[in-house]
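Below is one structure, written out as structure tokens; comments come after it.
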Amino acid sequence: MEWTTAKRYQKYNEWDADYLLSLQAQADRSQYQLHYHIRPSSGLLNDPNGFSYFNNAWHVFYQQYPFGPVHGLKSWHHMQSTDLVHWVDQGIALKPDSKLDSHGAYSGSAKVIDDRLFLMYTGNVRDQNWIRHPYQNGAWMDKNGQVEKLTKPLITAPEHVTEHFRDPQILQHGNQYYAILGAQDKETQTGKIALFTSAHLTDKWQDLGYINFTNDEMGYMIECPNLIFIDKQPVLIFCPQGLSKEITEYQNIYPNMYVVGEKFKFNSGKFTTQQAAPINLDDGFDVYASQAFNAPDGNAYLISWVGLPDVSYPTDRENWANCLSQVKKLSLKNGHLAQQPVNAMRNLRSAGQLVRTEKVIDGRQIIEAHAGQQYELKLTLAANQTGTLHLAGNHTVSESLRLNFATGKDAYLEVDRGHAGEQFNTEYGTTRKISLPENQVLDLDIFIDHSLAEIFVNNGEHVMTLRFFIAPENDKIALTSTTEILNYYGTFWKLTDM
């Protein structure tokens, strides 16, 4: 199909129902399809939205364009869970069907207000000259999942920002409501986080200017800002586009970053931090537009879009693209974010199998000869070793997703997808590397879901998330080393569908 602008913004009711069903069937048949992560029933999935706990259930929405693997007329698709792992499809919640979101219901957040869930989102509107007019809109969702939009915008773009003004997160502090938004300053053409407040929620929003959290320029635009609190410390999570690599090193086309603060003053937007520069939220290839919130159970949770703007993936030719990460519980450890799987992920496990140094074939230590591509592997590698862990390997592991590691001096972990099947986005490199503590064991908790890998390093001190597209028959897990038989132990579980 030729994806003209007119085609991308064709109204939903103008598409043929049988065409949509055929797309859904095509996505279901994909050999790369995911089985315990949220993925689109068809078309494009991107930013997670409205992550919340309401009416005794967890909720997350995602931006979706259901008619193809492209960015077109976006809606919010609703998922619901009782445990943050098993998600049930609730269908489209927000359609782009009003004058305030005529060209897309863009990203936003949610907050429980009394017995309803309040949704705050960006309405994308284009005029006859194709000039964008962003509106920050509101809607109520009741306990039956019925959504009613407000008829007037909550916030219109102030004079000092460009048309790039979106992705509101709604917060409450005392008796006041606050919203933070990604913005581009009109005068400097730089990325900012805007701050607004209201005592009334549905009207009279006041502009408080920008959040003051750094003296460095944060590129030309900030998207998807989130403010959460962990152990009473404020944490800003955001996506700076065009950030100078002299400020923070990153390799992806756009990074997802965070800053840990000491305190935040809502009325002035002053974010106090000793952190010298933003830190990569995920050290892999494909995480962006993460959304976090403080839940009623006292924990902070995060879920991410596994996909990147302006990047194509092999599943595009199958008319579906991208997924969401598993939900991660957040904590602070030595001033850094730690991310760990939620406890309910264990409920996906089948009977565990201990893995030890036993079977060696032609210098390859075989951990699992027929692992499949839907599993969890917890592995501890001893200190002072150098080698490679092969995931989704063929018989000789000449093809595999490779985790190269050293646990002695100058310790590191490097993920290499350059030998893992079909290659894509190679202009941004095929490896990602992190430094590790020297002369210490390396703990890995690895989740594979066919075309998705999530690697938790040393109890979540780092997470490395990536897509890879390798033949489904490649199912060997093995270790190789040029110098020694490697010392390790661990447990392997096959995982059920969610």
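Letters A, B, ... go to the chains of the structure tokens in the order shown; residues in each chain start at 1; ligands are counted from 1 in the same order.
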
Which polymer residues have any atom within 10 Å of an atom of A:Asp310, counting only C-alpha atoms, with same-chain residues fewer than 2 positions away left out, as a ChimeraX atom specification? /A:70-71,253-254,307-308,312,425

Residues just named, written with C-alpha atoms as an mmCIF file, in the first residue's frame:
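Printed below is result.cif as written:
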```cif
data_model
loop_
_atom_site.group_PDB
_atom_site.id
_atom_site.type_symbol
_atom_site.label_atom_id
_atom_site.label_comp_id
_atom_site.auth_asym_id
_atom_site.auth_seq_id
_atom_site.Cartn_x
_atom_site.Cartn_y
_atom_site.Cartn_z
ATOM 1 C CA VAL A 70 3.029 3.425 9.983
ATOM 2 C CA HIS A 71 2.271 6.550 11.979
ATOM 3 C CA ILE A 253 18.547 7.463 17.394
ATOM 4 C CA TYR A 254 16.814 9.064 20.411
ATOM 5 C CA GLY A 307 10.378 0.575 19.377
ATOM 6 C CA LEU A 308 11.922 3.813 18.223
ATOM 7 C CA SER A 312 11.710 0.396 10.551
ATOM 8 C CA ASN A 425 18.822 -0.184 11.980
#
```

I'd like the contact shell of A:Asp316 - 9 Å cut-off, only C-alpha atoms, skipping same-chain residues fewer than 4 positions apart - returned as an mmCIF file with N, CA, C and O atoms, in the first residue's frame.
```
data_model
loop_
_atom_site.group_PDB
_atom_site.id
_atom_site.type_symbol
_atom_site.label_atom_id
_atom_site.label_comp_id
_atom_site.auth_asym_id
_atom_site.auth_seq_id
_atom_site.Cartn_x
_atom_site.Cartn_y
_atom_site.Cartn_z
ATOM 1 N N GLY A 43 -1.283 -3.523 12.825
ATOM 2 C CA GLY A 43 -0.760 -2.174 12.648
ATOM 3 C C GLY A 43 0.330 -1.809 13.629
ATOM 4 O O GLY A 43 1.087 -2.654 14.109
ATOM 5 N N LEU A 44 0.383 -0.530 13.952
ATOM 6 C CA LEU A 44 1.471 0.054 14.742
ATOM 7 C C LEU A 44 1.060 0.264 16.186
ATOM 8 O O LEU A 44 -0.014 0.794 16.472
ATOM 9 N N GLY A 68 -1.961 -0.284 9.625
ATOM 10 C CA GLY A 68 -0.683 -0.514 8.967
ATOM 11 C C GLY A 68 0.464 -0.183 9.898
ATOM 12 O O GLY A 68 0.274 0.467 10.938
ATOM 13 N N PRO A 69 1.693 -0.553 9.546
ATOM 14 C CA PRO A 69 2.858 -0.360 10.410
ATOM 15 C C PRO A 69 3.461 1.037 10.268
ATOM 16 O O PRO A 69 4.684 1.199 10.177
ATOM 17 N N VAL A 70 2.593 2.052 10.220
ATOM 18 C CA VAL A 70 3.029 3.425 9.983
ATOM 19 C C VAL A 70 2.356 4.341 11.013
ATOM 20 O O VAL A 70 1.397 3.957 11.677
ATOM 21 N N SER A 312 12.521 1.474 11.104
ATOM 22 C CA SER A 312 11.710 0.396 10.551
ATOM 23 C C SER A 312 12.156 -0.942 11.138
ATOM 24 O O SER A 312 13.336 -1.130 11.462
ATOM 25 N N TRP A 320 2.509 -5.245 11.016
ATOM 26 C CA TRP A 320 2.426 -4.946 12.442
ATOM 27 C C TRP A 320 3.815 -4.542 12.922
ATOM 28 O O TRP A 320 4.824 -4.923 12.328
ATOM 29 N N ALA A 321 3.838 -3.745 14.004
ATOM 30 C CA ALA A 321 5.121 -3.246 14.480
ATOM 31 C C ALA A 321 5.070 -2.928 15.967
ATOM 32 O O ALA A 321 4.100 -2.342 16.458
#
```

Contact table stretch 218-270 of chain A vs stretch 107-116 of chain A, cut-off 10 Å, shortest pair per residue, only C-alpha atoms, as a tab-separated table:
```
residue	atom	partner	partner_atom	distance
A:Glu223	CA	A:Ser107	CA	9.6
A:Cys224	CA	A:Ser107	CA	7.8
A:Pro225	CA	A:Gly108	CA	9.8
A:Asn226	CA	A:Ser109	CA	9.5
```

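Atom CA of A:Asn280 is positioned 24.2 Å from atom CA of A:Asn439.
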
Produce a table with one row for each residue of stretch 108-147 of chain A that has an atom at most 12 Å from any atom of stretch 3-20 of chain A, each row naming the nearest atom pair and its distance in Å at one decimal; use only C-alpha atoms; arrange rows by chain and rising residue number; format as JSON lines.
```
{"residue": "A:Asn124", "atom": "CA", "partner": "A:Tyr9", "partner_atom": "CA", "distance": 11.6}
{"residue": "A:Val125", "atom": "CA", "partner": "A:Tyr9", "partner_atom": "CA", "distance": 11.2}
{"residue": "A:Arg126", "atom": "CA", "partner": "A:Tyr9", "partner_atom": "CA", "distance": 10.6}
{"residue": "A:Trp130", "atom": "CA", "partner": "A:Thr5", "partner_atom": "CA", "distance": 10.5}
```
